[in-house]
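So this block is structure-v7.pdb, PDB, C-alpha atoms:
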ATOM      1  CA  MET C   1     -26.992  -0.817   1.806
ATOM      2  CA  GLN C   2     -24.993  -0.615  -1.429
ATOM      3  CA  GLN C   3     -25.389   3.148  -1.340
ATOM      4  CA  GLN C   4     -23.909   3.194   2.168
ATOM      5  CA  LYS C   5     -20.931   1.100   1.046
ATOM      6  CA  THR C   6     -20.288   3.453  -1.848
ATOM      7  CA  ALA C   7     -20.401   6.399   0.558
ATOM      8  CA  THR C   8     -17.902   4.590   2.817
ATOM      9  CA  LEU C   9     -15.681   3.886  -0.175
ATOM     10  CA  ALA C  10     -15.824   7.546  -1.204
ATOM     11  CA  THR C  11     -14.858   8.673   2.302
ATOM     12  CA  ILE C  12     -11.960   6.221   2.474
ATOM     13  CA  PHE C  13     -10.760   7.300  -0.961
ATOM     14  CA  SER C  14     -10.755  10.977   0.016
ATOM     15  CA  GLU C  15      -9.039  10.371   3.349
ATOM     16  CA  ILE C  16      -6.330   8.094   1.980
ATOM     17  CA  LEU C  17      -5.613  10.364  -0.951
ATOM     18  CA  ALA C  18      -5.210  13.304   1.435
ATOM     19  CA  ASP C  19      -3.102  11.375   3.979
ATOM     20  CA  LEU C  20      -0.916   9.553   1.523
ATOM     21  CA  ALA C  21      -0.509  11.973  -1.353
ATOM     22  CA  PHE C  22      -1.728  15.365  -0.059
ATOM     23  CA  MET C  23      -4.330  15.392  -2.828
ATOM     24  CA  PHE C  24      -7.803  16.692  -2.086
ATOM     25  CA  SER C  25     -11.005  15.604  -3.752
ATOM     26  CA  GLU C  26     -14.283  17.363  -4.507
ATOM     27  CA  GLU C  27     -17.489  15.722  -5.688
ATOM     28  CA  ASP C  28     -17.968  15.919  -9.432
ATOM     29  CA  ASP C  29     -21.411  16.087 -11.043
ATOM     30  CA  THR C  30     -20.203  16.597 -14.591
ATOM     31  CA  ASP C  31     -19.817  14.047 -17.385
ATOM     32  CA  LEU C  32     -16.419  12.571 -18.069
ATOM     33  CA  LEU C  33     -14.406  14.502 -20.618
ATOM     34  CA  SER C  34     -13.508  12.695 -23.794
ATOM     35  CA  GLY C  35     -10.080  12.942 -25.359
ATOM     36  CA  GLU C  36      -8.256  12.006 -22.171
ATOM     37  CA  GLU C  37      -6.041   8.959 -21.752
ATOM     38  CA  TRP C  38      -7.979   6.830 -19.250
ATOM     39  CA  LEU C  39      -6.847   3.981 -17.000
ATOM     40  CA  GLU C  40      -8.975   1.391 -15.205
ATOM     41  CA  THR C  41      -7.661  -0.277 -12.060
ATOM     42  CA  SER C  42      -9.510  -3.135 -10.401
ATOM     43  CA  ILE C  43      -8.989  -5.238  -7.297
ATOM     44  CA  ASN C  44     -11.042  -8.111  -5.862
ATOM     45  CA  TYR C  45     -11.539  -9.111  -2.253
ATOM     46  CA  GLU C  46     -12.739 -12.467  -1.046
ATOM     47  CA  GLY C  47     -13.746 -13.633   2.418
ATOM     48  CA  THR C  48     -17.128 -14.069   4.084
ATOM     49  CA  VAL C  49     -18.332 -11.865   1.241
ATOM     50  CA  SER C  50     -16.589 -10.842  -1.940
ATOM     51  CA  GLY C  51     -16.547  -7.965  -4.361
ATOM     52  CA  THR C  52     -14.613  -5.809  -6.789
ATOM     53  CA  LEU C  53     -13.454  -2.226  -6.530
ATOM     54  CA  ARG C  54     -12.836  -0.313  -9.740
ATOM     55  CA  PHE C  55     -11.066   2.987 -10.158
ATOM     56  CA  TRP C  56     -10.976   5.088 -13.306
ATOM     57  CA  CYS C  57      -8.491   7.916 -13.623
ATOM     58  CA  THR C  58      -6.590   9.744 -16.305
ATOM     59  CA  GLN C  59      -2.933   9.069 -17.047
ATOM     60  CA  ALA C  60      -2.294  12.674 -15.960
ATOM     61  CA  PHE C  61      -3.842  11.982 -12.539
ATOM     62  CA  SER C  62      -1.719   8.876 -12.039
ATOM     63  CA  VAL C  63       1.469  10.818 -12.832
ATOM     64  CA  VAL C  64       0.580  13.493 -10.245
ATOM     65  CA  LEU C  65      -0.299  10.734  -7.760
ATOM     66  CA  ALA C  66       3.080   9.048  -8.276
ATOM     67  CA  SER C  67       4.944  12.346  -7.988
ATOM     68  CA  ASN C  68       3.182  13.208  -4.723
ATOM     69  CA  LEU C  69       3.770   9.750  -3.263
ATOM     70  CA  LEU C  70       7.450   9.925  -4.162
ATOM     71  CA  GLY C  71       7.968  13.598  -3.336
ATOM     72  CA  ILE C  72       9.238  14.402  -6.832
ATOM     73  CA  ASP C  73       8.228  16.775  -9.612
ATOM     74  CA  PRO C  74       5.460  15.506 -11.953
ATOM     75  CA  ASP C  75       7.850  16.205 -14.848
ATOM     76  CA  ASP C  76      10.388  13.799 -13.348
ATOM     77  CA  GLU C  77      10.743  10.687 -15.512
ATOM     78  CA  ASN C  78      10.302   8.541 -12.393
ATOM     79  CA  ALA C  79       6.773   9.939 -11.882
ATOM     80  CA  SER C  80       5.723   8.744 -15.348
ATOM     81  CA  SER C  81       7.359   5.345 -14.965
ATOM     82  CA  GLN C  82       5.705   4.752 -11.568
ATOM     83  CA  ALA C  83       2.292   6.209 -12.519
ATOM     84  CA  ARG C  84       0.428   2.950 -13.131
ATOM     85  CA  ASP C  85       2.092   1.284 -10.172
ATOM     86  CA  ALA C  86       0.982   4.200  -7.975
ATOM     87  CA  ALA C  87      -2.655   3.814  -9.074
ATOM     88  CA  LYS C  88      -2.505   0.068  -8.348
ATOM     89  CA  GLU C  89      -1.044   0.614  -4.896
ATOM     90  CA  LEU C  90      -3.640   3.281  -4.121
ATOM     91  CA  MET C  91      -6.372   0.737  -4.846
ATOM     92  CA  ASN C  92      -4.607  -1.942  -2.807
ATOM     93  CA  ILE C  93      -4.583   0.363   0.217
ATOM     94  CA  ILE C  94      -8.149   1.550  -0.339
ATOM     95  CA  CYS C  95      -9.421  -2.034  -0.676
ATOM     96  CA  GLY C  96      -7.723  -3.128   2.563
ATOM     97  CA  GLN C  97      -9.227  -0.196   4.426
ATOM     98  CA  PHE C  98     -12.634  -0.638   2.775
ATOM     99  CA  VAL C  99     -13.126  -4.283   3.769
ATOM    100  CA  THR C 100     -12.350  -3.607   7.413
ATOM    101  CA  ALA C 101     -14.467  -0.432   7.462
ATOM    102  CA  VAL C 102     -17.488  -2.284   6.033
ATOM    103  CA  HIS C 103     -17.025  -5.805   7.379
ATOM    104  CA  GLY C 104     -14.995  -5.242  10.567
ATOM    105  CA  THR C 105     -11.666  -6.728  11.624
ATOM    106  CA  ASP C 106     -12.823 -10.180  12.744
ATOM    107  CA  ASP C 107     -12.775 -11.850   9.327
ATOM    108  CA  VAL C 108      -9.809 -12.399   7.036
ATOM    109  CA  PHE C 109     -10.172 -11.144   3.474
ATOM    110  CA  GLU C 110      -7.823 -12.131   0.673
ATOM    111  CA  LEU C 111      -7.091  -9.284  -1.728
ATOM    112  CA  SER C 112      -6.112  -9.899  -5.331
ATOM    113  CA  ILE C 113      -3.123  -8.251  -6.951
ATOM    114  CA  PRO C 114      -4.514  -5.015  -8.481
ATOM    115  CA  HIS C 115      -4.872  -5.001 -12.260
ATOM    116  CA  ILE C 116      -4.526  -1.887 -14.399
ATOM    117  CA  GLU C 117      -5.171  -1.307 -18.069
ATOM    118  CA  GLY C 118      -5.305   1.614 -20.453
ATOM    119  CA  LEU C 119      -8.663   2.300 -22.071
ATOM    120  CA  SER C 120      -9.114   3.167 -25.715
ATOM    121  CA  GLU C 121     -12.096   5.413 -24.983
ATOM    122  CA  THR C 122     -13.765   7.344 -22.171
ATOM    123  CA  PRO C 123     -14.980   4.791 -19.598
ATOM    124  CA  ASP C 124     -18.639   3.974 -19.160
ATOM    125  CA  CYS C 125     -18.482   3.624 -15.379
ATOM    126  CA  ALA C 126     -22.158   2.697 -15.044
ATOM    127  CA  GLU C 127     -21.581  -0.369 -17.216
ATOM    128  CA  ALA C 128     -20.967  -2.708 -14.284
ATOM    129  CA  GLN C 129     -24.268  -3.975 -12.928
ATOM    130  CA  ASP C 130     -25.162  -3.479  -9.258
ATOM    131  CA  SER C 131     -22.472  -0.834  -8.952
ATOM    132  CA  GLU C 132     -22.718   2.683  -7.664
ATOM    133  CA  VAL C 133     -20.150   5.145  -8.810
ATOM    134  CA  ALA C 134     -18.526   7.835  -6.698
ATOM    135  CA  ALA C 135     -17.373  10.783  -8.789
ATOM    136  CA  PHE C 136     -14.631  13.224  -7.845
ATOM    137  CA  ILE C 137     -12.351  15.884  -9.194
ATOM    138  CA  VAL C 138      -8.842  15.739  -7.771
ATOM    139  CA  ASP C 139      -6.309  18.413  -8.703
ATOM    140  CA  GLY C 140      -8.416  19.253 -11.749
ATOM    141  CA  GLU C 141      -8.622  15.632 -12.939
ATOM    142  CA  GLN C 142     -11.843  13.611 -12.999
ATOM    143  CA  VAL C 143     -11.790  10.233 -11.254
ATOM    144  CA  ARG C 144     -14.458   7.569 -10.684
ATOM    145  CA  LEU C 145     -14.687   4.762  -8.147
ATOM    146  CA  SER C 146     -17.126   1.882  -7.808
ATOM    147  CA  HIS C 147     -17.839  -1.147  -5.636
ATOM    148  CA  THR C 148     -19.500  -4.251  -7.072
ATOM    149  CA  PRO C 149     -20.544  -6.953  -4.604
ATOM    150  CA  HIS C 150     -20.329 -10.513  -5.967
TER     151      HIS C 150
ATOM    152  CA  MET J   1      27.245   1.124  12.769
ATOM    153  CA  SER J   2      24.165   1.570  10.581
ATOM    154  CA  LYS J   3      22.185  -1.566   9.899
ATOM    155  CA  ASN J   4      20.846  -2.705   6.560
ATOM    156  CA  VAL J   5      17.152  -3.064   5.759
ATOM    157  CA  LEU J   6      15.451  -5.179   3.100
ATOM    158  CA  VAL J   7      12.158  -3.792   1.747
ATOM    159  CA  VAL J   8       9.941  -6.404   0.087
ATOM    160  CA  ASP J   9       6.940  -5.064  -1.834
ATOM    161  CA  ASP J  10       5.713  -5.676  -5.369
ATOM    162  CA  SER J  11       5.058  -1.956  -5.754
ATOM    163  CA  GLY J  12       8.136   0.007  -6.796
ATOM    164  CA  THR J  13       6.336   3.152  -5.669
ATOM    165  CA  ILE J  14       5.925   1.786  -2.163
ATOM    166  CA  ARG J  15       9.561   0.641  -2.013
ATOM    167  CA  GLN J  16      10.688   4.155  -2.951
ATOM    168  CA  MET J  17       8.185   5.669  -0.507
ATOM    169  CA  ILE J  18       9.504   3.513   2.318
ATOM    170  CA  ARG J  19      13.075   4.585   1.538
ATOM    171  CA  ARG J  20      11.944   8.203   1.694
ATOM    172  CA  THR J  21       9.827   7.632   4.813
ATOM    173  CA  MET J  22      12.766   6.070   6.671
ATOM    174  CA  LYS J  23      14.824   9.146   5.814
ATOM    175  CA  VAL J  24      12.061  11.564   6.893
ATOM    176  CA  ALA J  25      11.568   9.552  10.101
ATOM    177  CA  GLY J  26      15.219  10.098  10.939
ATOM    178  CA  LEU J  27      16.149   6.441  10.975
ATOM    179  CA  ASP J  28      19.858   5.806  10.653
ATOM    180  CA  VAL J  29      19.824   3.009   8.116
ATOM    181  CA  GLY J  30      22.751   1.551   6.193
ATOM    182  CA  GLU J  31      21.977   0.004   2.841
ATOM    183  CA  VAL J  32      18.352  -0.374   1.791
ATOM    184  CA  TYR J  33      17.940  -3.428  -0.418
ATOM    185  CA  GLU J  34      14.759  -4.055  -2.389
ATOM    186  CA  ALA J  35      12.815  -7.092  -3.568
ATOM    187  CA  ALA J  36       9.508  -7.330  -5.442
ATOM    188  CA  ASN J  37       8.440 -10.674  -3.965
ATOM    189  CA  GLY J  38       9.486 -13.421  -1.567
ATOM    190  CA  ILE J  39      11.718 -15.227  -4.058
ATOM    191  CA  GLU J  40      13.691 -12.058  -4.788
ATOM    192  CA  ALA J  41      13.854 -11.385  -1.047
ATOM    193  CA  LEU J  42      15.443 -14.777  -0.345
ATOM    194  CA  ALA J  43      18.038 -14.056  -3.038
ATOM    195  CA  GLN J  44      18.824 -10.679  -1.445
ATOM    196  CA  LEU J  45      19.105 -12.301   1.989
ATOM    197  CA  ASN J  46      21.509 -14.824   0.522
ATOM    198  CA  ASP J  47      23.710 -12.041  -0.877
ATOM    199  CA  HIS J  48      23.579  -9.409   1.875
ATOM    200  CA  GLU J  49      23.649  -9.039   5.625
ATOM    201  CA  VAL J  50      20.300  -7.570   6.656
ATOM    202  CA  ALA J  51      19.179  -6.479  10.133
ATOM    203  CA  VAL J  52      15.456  -6.032   9.468
ATOM    204  CA  VAL J  53      13.086  -7.162   6.717
ATOM    205  CA  LEU J  54      10.030  -5.016   5.968
ATOM    206  CA  VAL J  55       7.486  -7.124   4.065
ATOM    207  CA  ASP J  56       4.161  -6.596   2.304
ATOM    208  CA  ILE J  57       1.687  -9.492   2.425
ATOM    209  CA  ASN J  58      -0.088  -9.254  -0.913
ATOM    210  CA  MET J  59       2.552 -10.045  -3.558
ATOM    211  CA  PRO J  60       2.734 -12.363  -6.559
ATOM    212  CA  THR J  61       5.081 -15.381  -6.852
ATOM    213  CA  MET J  62       5.774 -15.700  -3.104
ATOM    214  CA  ASN J  63       3.681 -13.571  -0.759
ATOM    215  CA  GLY J  64       4.677 -12.107   2.594
ATOM    216  CA  ILE J  65       3.253 -14.928   4.691
ATOM    217  CA  GLN J  66       5.061 -17.535   2.588
ATOM    218  CA  LEU J  67       8.305 -15.557   2.916
ATOM    219  CA  LEU J  68       7.851 -15.216   6.675
ATOM    220  CA  THR J  69       7.224 -18.955   6.985
ATOM    221  CA  ARG J  70      10.240 -19.808   4.819
ATOM    222  CA  MET J  71      12.531 -17.514   6.813
ATOM    223  CA  LYS J  72      11.401 -19.043  10.112
ATOM    224  CA  GLU J  73      12.118 -22.525   8.714
ATOM    225  CA  THR J  74      15.637 -21.516   7.641
ATOM    226  CA  ALA J  75      18.253 -21.583  10.401
ATOM    227  CA  SER J  76      20.363 -18.753   8.959
ATOM    228  CA  LEU J  77      17.336 -16.450   8.537
ATOM    229  CA  ARG J  78      15.035 -17.237  11.434
ATOM    230  CA  ASP J  79      16.510 -14.649  13.815
ATOM    231  CA  ILE J  80      16.165 -11.700  11.435
ATOM    232  CA  PRO J  81      13.291  -9.470  12.626
ATOM    233  CA  ILE J  82      10.433  -9.255  10.144
ATOM    234  CA  VAL J  83       8.038  -6.309  10.132
ATOM    235  CA  ILE J  84       4.866  -6.652   8.095
ATOM    236  CA  ALA J  85       3.797  -3.522   6.199
ATOM    237  CA  SER J  86       0.368  -4.244   4.795
ATOM    238  CA  THR J  87      -3.018  -2.755   4.082
ATOM    239  CA  GLU J  88      -4.771  -5.666   5.799
ATOM    240  CA  GLY J  89      -6.365  -5.022   9.182
ATOM    241  CA  SER J  90      -7.929  -8.315  10.234
ATOM    242  CA  THR J  91      -7.179  -9.205  13.866
ATOM    243  CA  GLU J  92      -7.127 -12.889  12.924
ATOM    244  CA  ARG J  93      -4.529 -12.195  10.231
ATOM    245  CA  ILE J  94      -2.423 -10.199  12.676
ATOM    246  CA  GLU J  95      -2.598 -13.039  15.224
ATOM    247  CA  GLN J  96      -1.584 -15.460  12.478
ATOM    248  CA  LEU J  97       1.433 -13.273  11.645
ATOM    249  CA  LYS J  98       2.454 -13.137  15.304
ATOM    250  CA  LYS J  99       2.130 -16.895  15.585
ATOM    251  CA  ILE J 100       4.308 -17.500  12.530
ATOM    252  CA  GLY J 101       6.946 -15.201  14.004
ATOM    253  CA  ALA J 102       6.521 -11.649  12.689
ATOM    254  CA  THR J 103       8.234  -9.103  14.931
ATOM    255  CA  GLY J 104       6.011  -6.138  14.164
ATOM    256  CA  TYR J 105       3.209  -4.786  12.015
ATOM    257  CA  VAL J 106       2.498  -1.421  10.460
ATOM    258  CA  ARG J 107      -0.667  -0.809   8.487
ATOM    259  CA  LYS J 108      -0.655   1.067   5.196
ATOM    260  CA  PRO J 109      -1.002   3.960   4.804
ATOM    261  CA  PHE J 110       1.455   4.784   7.574
ATOM    262  CA  GLN J 111       3.040   7.997   8.754
ATOM    263  CA  PRO J 112       6.847   8.317   9.103
ATOM    264  CA  GLU J 113       6.449   8.281  12.909
ATOM    265  CA  GLN J 114       4.683   4.912  12.830
ATOM    266  CA  LEU J 115       7.445   3.359  10.762
ATOM    267  CA  ARG J 116      10.029   4.940  13.039
ATOM    268  CA  ASP J 117       8.342   3.542  16.150
ATOM    269  CA  VAL J 118       8.338   0.016  14.768
ATOM    270  CA  LEU J 119      11.844   0.062  13.292
ATOM    271  CA  THR J 120      13.717   2.018  15.983
ATOM    272  CA  PRO J 121      13.988  -0.805  18.538
ATOM    273  CA  LEU J 122      15.122  -3.145  15.782
ATOM    274  CA  LEU J 123      17.733  -0.811  14.300
ATOM    275  CA  GLY J 124      18.878   0.578  17.604
ATOM    276  CA  VAL J 125      19.973   4.069  16.554
ATOM    277  CA  LEU J 126      18.463   7.364  15.465
ATOM    278  CA  ASP J 127      19.963  10.421  13.869
ATOM    279  CA  ASP J 128      19.434  14.078  14.863
ATOM    280  CA  ALA J 129      16.111  14.447  13.033
ATOM    281  CA  THR J 130      14.377  12.195  15.524
ATOM    282  CA  THR J 131      12.080  13.762  18.077
ATOM    283  CA  GLU J 132      12.093  12.812  21.726
ATOM    284  CA  ASP J 133       8.548  11.531  21.948
ATOM    285  CA  SER J 134       9.261   8.211  20.304
ATOM    286  CA  ASP J 135       7.256   5.263  21.595
ATOM    287  CA  ALA J 136      10.094   2.940  20.597
ATOM    288  CA  GLY J 137      10.110  -0.224  22.605
ATOM    289  CA  ASP J 138       6.343  -0.510  22.897
ATOM    290  CA  ASP J 139       4.423  -3.398  21.384
ATOM    291  CA  LEU J 140       5.417  -3.526  17.716
ATOM    292  CA  PHE J 141       1.958  -4.727  16.639
TER     293      PHE J 141
END
Show how you would write the structure in this file as structure tokens.
Amino acid sequence: MQQQKTATLATIFSEILADLAFMFSEEDDTDLLSGEEWLETSINYEGTVSGTLRFWCTQAFSVVLASNLLGIDPDDENASSQARDAAKELMNIICGQFVTAVHGTDDVFELSIPHIEGLSETPDCAEAQDSEVAAFIVDGEQVRLSHTPH
Amino acid sequence: MSKNVLVVDDSGTIRQMIRRTMKVAGLDVGEVYEAANGIEALAQLNDHEVAVVLVDINMPTMNGIQLLTRMKETASLRDIPIVIASTEGSTERIEQLKKIGATGYVRKPFQPEQLRDVLTPLLGVLDDATTEDSDAGDDLF
């Protein structure tokens, strides 16, 4: 069941990224590279069931995401200043789509405000118990995504 | 005369995206004011004449439902159309929004055409970039 939810999450992630930011993802079976500046974004949902979605990406990915969302060059100062906000909003949209895809549209789910933080080292995505991790490469950048039911 | 729009979303990226989307959709909009939450939105509404308010639900300080409720309770604001732009897709939530008095709903992520179709009947005018197949005037939910 959890495996199915992770597959749904992965599909939603790929579709939204393509629709919203014209960024295309491929599955990634390699280990995360060290030496990158990593960010972790998380969002909780609560309703008839509850859970947490986590998203790990590099700072470089978030800058490209912001630039694509805003239709500006990645070198534009605005892309850097909006990078973390863009990653948070991506997770907000993914979470909203995920809960209705998995749990239907009959129940109301309250979503938390997404939280983002910079990591001092390469993330250990398997750290969260009961989580499955979807792994992708998007525009040459590694990203990871997980769902943890509560 | 072009009408003013207030965009209320805690994400600066989304506020900028909506500005851009309105342009791409060919909507003839006057000033676009921005607010990051319901409190800031009320301040903007106090300072400016606004024809339509586009509101996210999930925001800190005062969320979209609280703002919608407050506007409907305030005589000077209750007639301003409010369009909800949110990632939430629950039918119960959408019914709740209708009941409180939301004019329309567009689910994130949305295409420029979807935003155009919801805002066109409320703004009343389009510029040359608009195509002829608009569904403007249909149910805004």
Show me, as a short mmCIF file (atom, residue, chain, number, x, y, z; two decimals) with C-alpha atoms, in the frame of the given file, every residue of chain C with an atom at most 7 Å from chain J, counting all atoms listed in the file.
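As written to disk, part.cif reads:
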data_model
loop_
_atom_site.label_atom_id
_atom_site.label_comp_id
_atom_site.auth_asym_id
_atom_site.auth_seq_id
_atom_site.Cartn_x
_atom_site.Cartn_y
_atom_site.Cartn_z
CA LEU C 20 -0.92 9.55 1.52
CA LEU C 69 3.77 9.75 -3.26
CA LEU C 70 7.45 9.93 -4.16
CA GLN C 82 5.70 4.75 -11.57
CA ASP C 85 2.09 1.28 -10.17
CA ALA C 86 0.98 4.20 -7.98
CA GLU C 89 -1.04 0.61 -4.90
CA ILE C 93 -4.58 0.36 0.22
CA GLY C 96 -7.72 -3.13 2.56
CA GLN C 97 -9.23 -0.20 4.43
CA THR C 100 -12.35 -3.61 7.41
CA THR C 105 -11.67 -6.73 11.62
CA ASP C 106 -12.82 -10.18 12.74
CA ASP C 107 -12.78 -11.85 9.33
CA VAL C 108 -9.81 -12.40 7.04
CA ILE C 113 -3.12 -8.25 -6.95
#
**Spatial neighbours of Thr52 in chain C, 8 Å, all atoms listed in the file, chain gap at least 2 places, as a VMD selection string** = chain C and resid 42 to 45 50 54 147 to 150
**Request:** Output the residue selection produced by the PyMOL selection byres ((chain C and resi 1-14) around 8) on the file above, formatted as an MDAnalysis selection string.
**Result:** chainID C and resid 15:18 24:25 94 97:98 101:102 131:134 145:147
**Message:** Please list as a PyMOL selection string every residue within 9 Å of Ala102 in chain J, counting all atoms listed in the file and excluding residues in the same chain fewer than 3 positions away.
**Reply:** chain J and resi 68+81-84+96-99+105
**Request:** List the neighbours of Ala35 in chain J out to 9 Å using only C-alpha atoms; skip same-chain residues closer than 6 positions along the sequence, and give me the result as a VMD selection string.
**Result:** chain J and resid 6 to 10 15 41 to 44
Include C-alpha atoms and write out the residues we just selected as a PDB file, in the coordinates of the input.
ATOM      1  CA  LEU J   6      15.451  -5.179   3.100  1.00  0.00           C
ATOM      2  CA  VAL J   7      12.158  -3.792   1.747  1.00  0.00           C
ATOM      3  CA  VAL J   8       9.941  -6.404   0.087  1.00  0.00           C
ATOM      4  CA  ASP J   9       6.940  -5.064  -1.834  1.00  0.00           C
ATOM      5  CA  ASP J  10       5.713  -5.676  -5.369  1.00  0.00           C
ATOM      6  CA  ARG J  15       9.561   0.641  -2.013  1.00  0.00           C
ATOM      7  CA  ALA J  41      13.854 -11.385  -1.047  1.00  0.00           C
ATOM      8  CA  LEU J  42      15.443 -14.777  -0.345  1.00  0.00           C
ATOM      9  CA  ALA J  43      18.038 -14.056  -3.038  1.00  0.00           C
ATOM     10  CA  GLN J  44      18.824 -10.679  -1.445  1.00  0.00           C
TER      11      GLN J  44
END
**Request:** Skip Glu36 in chain C itself and residues of its chain fewer than 2 positions away, then list as a list of chain:residue names all residues within 9 Å of it, counting only C-alpha atoms.
**Result:** C:Leu33, C:Ser34, C:Trp38, C:Thr58, C:Gln59, C:Ala60, C:Glu121, C:Thr122
**Request:** One decimal, Å: what's the distance from CA of Leu140 in chain J over to CA of Tyr33 in chain J, could you say?
**Result:**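 Computing it gives 22.0 Å between the two atoms.
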**Item:** the PyMOL selection byres ((chain J and resi 51) around 9) applied to the shown file, residues as a count of residues only
**Value:** 12
**Message:** Just to confirm, what's the straight-line distance from CA of Leu67 in chain J to CA of Lys88 in chain C in Å (one decimal)?
**Reply:**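 Separation of CA of Leu67 in chain J and CA of Lys88 in chain C: 22.1 Å.
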**Complete:** note - CA of Gly35 in chain C and CA of Ser81 in chain C are separated by 21.7 Å
**Message:** What's around Ala79 in chain C at 6 Å? Count all atoms listed in the file, leave out sequence neighbours fewer than 3 positions away in its own chain, and write the answer as a list in words.
**Reply:**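 In the requested form, the answer reads Val63, Ala66, Ser67, Pro74, Asp76, Gln82 and Ala83 of chain C.
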**Asked** For Asp29 in chain C, which residue among C:Val143, C:Val49, C:Ala135, C:Leu65 is the nearest when counting all atoms listed in the file?
**Response** C:Ala135
Starting from the PyMOL selection byres ((chain C and resi 123) around 10), expand the selection into actual residues of this file and give them as an mmCIF file with C-alpha atoms, keeping the file's coordinate frame.
data_model
loop_
_atom_site.group_PDB
_atom_site.id
_atom_site.type_symbol
_atom_site.label_atom_id
_atom_site.label_comp_id
_atom_site.auth_asym_id
_atom_site.auth_seq_id
_atom_site.Cartn_x
_atom_site.Cartn_y
_atom_site.Cartn_z
ATOM 1 C CA LEU C 32 -16.419 12.571 -18.069
ATOM 2 C CA LEU C 33 -14.406 14.502 -20.618
ATOM 3 C CA SER C 34 -13.508 12.695 -23.794
ATOM 4 C CA TRP C 38 -7.979 6.830 -19.250
ATOM 5 C CA LEU C 39 -6.847 3.981 -17.000
ATOM 6 C CA GLU C 40 -8.975 1.391 -15.205
ATOM 7 C CA TRP C 56 -10.976 5.088 -13.306
ATOM 8 C CA CYS C 57 -8.491 7.916 -13.623
ATOM 9 C CA LEU C 119 -8.663 2.300 -22.071
ATOM 10 C CA SER C 120 -9.114 3.167 -25.715
ATOM 11 C CA GLU C 121 -12.096 5.413 -24.983
ATOM 12 C CA THR C 122 -13.765 7.344 -22.171
ATOM 13 C CA ASP C 124 -18.639 3.974 -19.160
ATOM 14 C CA CYS C 125 -18.482 3.624 -15.379
ATOM 15 C CA ALA C 126 -22.158 2.697 -15.044
ATOM 16 C CA GLU C 127 -21.581 -0.369 -17.216
ATOM 17 C CA ARG C 144 -14.458 7.569 -10.684
#
**Message:** Here is a test: counting only C-alpha atoms, which residue of C:Ala87, C:His103, C:Phe61, C:Phe22 is nearest to Glu37 in chain C?
**Reply:**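 Using only C-alpha atoms, Glu37 in chain C sits closest to C:Phe61.
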**Message:** Using only C-alpha atoms and a cutoff of 7 Å, can you tell me which residues are near (10.2, -19.3, 13.6) in the file's coordinates, and write them out as a PyMOL selection string?
**Reply:** chain J and resi 72-73+78+100-101
Edge lengths and centre in Å to one decimal, as JSON, is what I'm after for the box along x, y and z that holds all listed atoms of range 66-82 of chain J once 8 Å is added on each side.
{"center_x": 12.7, "center_y": -15.9, "center_z": 8.2, "size_x": 31.3, "size_y": 29.3, "size_z": 27.2}
